[in-house]
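**Student:** Sharing a structure, written as structure tokens. Questions coming.
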Amino acid sequence: MPTTTLRIPTPDGEADAFAAFPDRGERHPGVLLYPDAFGIRPVLKEMARELAGHGYYVLVPNFFYRHGPAPVIELPEYIGEEVRPALIGRLMPLIEEHTTERILRDADAYLRFLTTRPEVGAGPVGVIGYCIGGLLAMRTAAAHPGQVAALAEFHGPVGADGPDALHRLFSTLTAQIHLGHAETDLTPEALGELNRALDAAGVGYTSEIYPGTVHGFTMSDTDAFNPSALQHHWDRLLPLLDRALANG
């Protein structure tokens, strides 16, 4: 599986990025994958390779590039509960600085770069996000409704800004959507509120709480990891991309 490291020009500098794609000398649907707050690291590269193996060009940007190349903070090989609070404490100021204006400026640059790669086809793209990357994915899809045909978000803070903000955000979405929530991130009542906002937007979606999960359940280098939930994530994600991007 070919992989490469890249630099994406943005209005605020250059974002380092990782890409994986099939080795078939063809053009493939493009997928923009936003990592979680811990950023580009071996587990994210492995997930990008897995997705590329199903026929996609997968671009994973370091959205904290303004603070340096990934990893922007030193990470252990395994992120256990004993180190997680300190790591999140160091990352939180970067998250707070990553305003909606920055998110949207960067999204324009990432999509422009992705769609001009010689290995990427001319059709619509998919956007995926994990944790805080899920919020970035949703805002990217809402800002590019004619270009983003598939949106998937896993254990992300989609309801963090309240119901009114959700209705505004969803009002421009046209992508097919899957939202996979951790049990610890969303109550059944909050899920109902979120799904009613999606219903009002008139989009095609699935939105569900993954049983027995905690925040970060897709990441195998953390103690939040849940292998069966990761498989459930692939079982939802791959058909979504196949339907929306007409892959294969």
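Each chain of the structure tokens is named A, B, ... in the order shown, its residues numbered from 1; ligands are numbered from 1 in display order.
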Taking 4 positions as the minimum chain separation for residues in the same chain, which residues sit within 7 Å of stretch 213-216 of chain A when counting only C-alpha atoms? Answer as a PyMOL selection string.

**Tutor:** chain A and resi 131+155+182-185+224-226

**Student:** Please return as a list in words: the residues of stretch 7-108 of chain A that backbone DSSP assigns to strand (DSSP E or B).

**Tutor:** Arg7, Ile8, Pro9, Thr10, Gly13, Glu14, Ala15, Asp16, Ala17, Phe18, Ala19, Ala20, His28, Gly30, Val31, Leu32, Leu33, Tyr34, Tyr57, Val58, Leu59, Val60, Pro61 and Ile79 of chain A

**Student:** List the spatial neighbours of A:Gly180 as a PyMOL selection string - criterion: any atom at most 9 Å away, only C-alpha atoms, same-chain residues fewer than 4 positions off excluded.

**Tutor:** chain A and resi 152-156+206-210+233+236

**Student:** Determine the nearest neighbour of A:Arg168 from the options A:Leu186, A:Val148, A:Ala142, A:Met47, counting only C-alpha atoms.

**Tutor:** A:Ala142

**Student:** Could you name the residues that touch stretch 5-10 of chain A at 8 Å or less, counting only C-alpha atoms, but leaving out those on the same chain fewer than 6 positions away, as a list in words?

**Tutor:**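 Answer for this query is Asp16, Ala17, Phe18, Ala19, Arg105, Asp106, Ala109, Tyr110 and Phe113 of chain A.
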
**Student:** Pull N, CA, C and O atoms from the residues just selected and write them as an mmCIF file, in the first residue's frame.

**Tutor:**
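Writing done, so here's again_9.cif:
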```
data_model
loop_
_atom_site.group_PDB
_atom_site.id
_atom_site.type_symbol
_atom_site.label_atom_id
_atom_site.label_comp_id
_atom_site.auth_asym_id
_atom_site.auth_seq_id
_atom_site.Cartn_x
_atom_site.Cartn_y
_atom_site.Cartn_z
ATOM 1 N N ASP A 16 1.567 19.664 7.515
ATOM 2 C CA ASP A 16 2.098 18.348 7.188
ATOM 3 C C ASP A 16 0.944 17.349 7.183
ATOM 4 O O ASP A 16 -0.073 17.527 7.866
ATOM 5 N N ALA A 17 1.084 16.302 6.390
ATOM 6 C CA ALA A 17 -0.012 15.346 6.213
ATOM 7 C C ALA A 17 0.558 13.990 5.824
ATOM 8 O O ALA A 17 1.701 13.873 5.362
ATOM 9 N N PHE A 18 -0.268 12.972 6.008
ATOM 10 C CA PHE A 18 0.041 11.597 5.632
ATOM 11 C C PHE A 18 -1.013 11.150 4.631
ATOM 12 O O PHE A 18 -2.192 11.498 4.768
ATOM 13 N N ALA A 19 -0.606 10.403 3.618
ATOM 14 C CA ALA A 19 -1.571 9.888 2.647
ATOM 15 C C ALA A 19 -1.293 8.423 2.359
ATOM 16 O O ALA A 19 -0.143 7.981 2.328
ATOM 17 N N ARG A 105 -10.997 27.756 6.972
ATOM 18 C CA ARG A 105 -9.879 28.115 6.080
ATOM 19 C C ARG A 105 -9.071 26.882 5.723
ATOM 20 O O ARG A 105 -8.715 26.665 4.562
ATOM 21 N N ASP A 106 -8.781 26.086 6.730
ATOM 22 C CA ASP A 106 -7.996 24.877 6.490
ATOM 23 C C ASP A 106 -8.764 23.877 5.633
ATOM 24 O O ASP A 106 -8.183 23.236 4.750
ATOM 25 N N ALA A 109 -8.410 24.521 2.063
ATOM 26 C CA ALA A 109 -7.080 24.149 1.575
ATOM 27 C C ALA A 109 -6.928 22.636 1.453
ATOM 28 O O ALA A 109 -6.386 22.132 0.459
ATOM 29 N N TYR A 110 -7.405 21.905 2.464
ATOM 30 C CA TYR A 110 -7.288 20.444 2.433
ATOM 31 C C TYR A 110 -8.054 19.855 1.248
ATOM 32 O O TYR A 110 -7.543 18.984 0.529
ATOM 33 N N PHE A 113 -6.385 20.653 -2.084
ATOM 34 C CA PHE A 113 -5.199 19.816 -2.261
ATOM 35 C C PHE A 113 -5.598 18.385 -2.605
ATOM 36 O O PHE A 113 -5.077 17.789 -3.554
#
```

**Student:** What's the 6 Å shell around stretch 21-37 of chain A, counting only C-alpha atoms, without same-chain residues fewer than 6 positions away, as an MDAnalysis selection string?

**Tutor:** chainID A and resid 1:2 52 56:60 119:121 125:133

**Student:** Show me, as a VMD selection string, the residues that have an atom within 10 Å of A:Leu198 when counting only C-alpha atoms, minus same-chain residues fewer than 5 positions from it.

**Tutor:** chain A and resid 166 to 167 169 to 171 173 177 192 to 193 203 to 207

**Student:** Those same residues, written as a PDB file, in the first residue's frame with N, CA and C atoms?

**Tutor:**
```pdb
ATOM      1  N   LEU A 166     -26.671  23.168  16.294  1.00  0.00           N
ATOM      2  CA  LEU A 166     -26.815  21.951  15.499  1.00  0.00           C
ATOM      3  C   LEU A 166     -27.732  22.177  14.300  1.00  0.00           C
ATOM      4  N   HIS A 167     -28.861  22.821  14.539  1.00  0.00           N
ATOM      5  CA  HIS A 167     -29.801  23.071  13.440  1.00  0.00           C
ATOM      6  C   HIS A 167     -29.161  23.938  12.354  1.00  0.00           C
ATOM      7  N   LEU A 169     -25.913  24.179  11.726  1.00  0.00           N
ATOM      8  CA  LEU A 169     -24.860  23.393  11.094  1.00  0.00           C
ATOM      9  C   LEU A 169     -25.439  22.389  10.102  1.00  0.00           C
ATOM     10  N   PHE A 170     -26.511  21.722  10.508  1.00  0.00           N
ATOM     11  CA  PHE A 170     -27.085  20.679   9.665  1.00  0.00           C
ATOM     12  C   PHE A 170     -27.852  21.242   8.475  1.00  0.00           C
ATOM     13  N   SER A 171     -28.216  22.507   8.520  1.00  0.00           N
ATOM     14  CA  SER A 171     -29.111  23.064   7.504  1.00  0.00           C
ATOM     15  C   SER A 171     -28.518  23.038   6.106  1.00  0.00           C
ATOM     16  N   LEU A 173     -26.111  20.666   5.137  1.00  0.00           N
ATOM     17  CA  LEU A 173     -25.563  19.350   4.815  1.00  0.00           C
ATOM     18  C   LEU A 173     -26.360  18.665   3.714  1.00  0.00           C
ATOM     19  N   ILE A 177     -24.719  10.446   5.896  1.00  0.00           N
ATOM     20  CA  ILE A 177     -24.056  10.630   7.185  1.00  0.00           C
ATOM     21  C   ILE A 177     -24.143   9.379   8.055  1.00  0.00           C
ATOM     22  N   GLY A 192     -31.562  11.589  20.961  1.00  0.00           N
ATOM     23  CA  GLY A 192     -32.843  11.913  20.363  1.00  0.00           C
ATOM     24  C   GLY A 192     -32.889  13.341  19.850  1.00  0.00           C
ATOM     25  N   GLU A 193     -32.336  14.262  20.609  1.00  0.00           N
ATOM     26  CA  GLU A 193     -32.296  15.668  20.191  1.00  0.00           C
ATOM     27  C   GLU A 193     -31.448  15.835  18.931  1.00  0.00           C
ATOM     28  N   VAL A 203     -31.645  15.035   5.763  1.00  0.00           N
ATOM     29  CA  VAL A 203     -30.518  14.296   5.200  1.00  0.00           C
ATOM     30  C   VAL A 203     -30.667  12.804   5.480  1.00  0.00           C
ATOM     31  N   GLY A 204     -29.996  11.991   4.666  1.00  0.00           N
ATOM     32  CA  GLY A 204     -29.944  10.561   4.912  1.00  0.00           C
ATOM     33  C   GLY A 204     -28.858  10.267   5.933  1.00  0.00           C
ATOM     34  N   TYR A 205     -29.213   9.575   7.019  1.00  0.00           N
ATOM     35  CA  TYR A 205     -28.228   9.375   8.080  1.00  0.00           C
ATOM     36  C   TYR A 205     -28.519   8.122   8.891  1.00  0.00           C
ATOM     37  N   THR A 206     -27.483   7.645   9.566  1.00  0.00           N
ATOM     38  CA  THR A 206     -27.615   6.753  10.708  1.00  0.00           C
ATOM     39  C   THR A 206     -26.854   7.410  11.848  1.00  0.00           C
ATOM     40  N   SER A 207     -27.388   7.291  13.059  1.00  0.00           N
ATOM     41  CA  SER A 207     -26.789   7.928  14.236  1.00  0.00           C
ATOM     42  C   SER A 207     -27.092   7.037  15.422  1.00  0.00           C
TER      43      SER A 207
END
```

**Student:** In terms of the shortest atom-to-atom distance over only C-alpha atoms, which of A:Leu75, A:Val83, A:Ile103, A:Asp235 is closest to A:Gly134?

**Tutor:** A:Ile103

**Student:** Could you check the closest approach to A:Gly89 for each of A:Met138, A:Phe38, A:Pro124, A:Thr172 and tell me which residue wins, using only C-alpha atoms?

**Tutor:**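 So, comparing all the options, the nearest one is A:Phe38.
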
**Student:** How many Å lie between atom CA of A:Ala15 and atom CA of A:Ile40, rounded to one decimal?

**Tutor:**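 About the pair atom CA of A:Ala15 and atom CA of A:Ile40: they are 11.8 Å apart.
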
**Student:** Select from stretch 2-246 of chain A everything DSSP, run on the backbone, classes as alpha helix (DSSP H), then give the selection as a PyMOL selection string.

**Tutor:** chain A and resi 42-52+84-97+100-115+132-143+163-170+188-201+227-245

**Student:** Can you tell me which residues surround A:Leu238 at a distance of at most 10 Å, considering only C-alpha atoms, apart from same-chain residues fewer than 3 positions away, and format the answer as a VMD selection string?

**Tutor:** chain A and resid 51 54 233 to 235 241 to 243 247
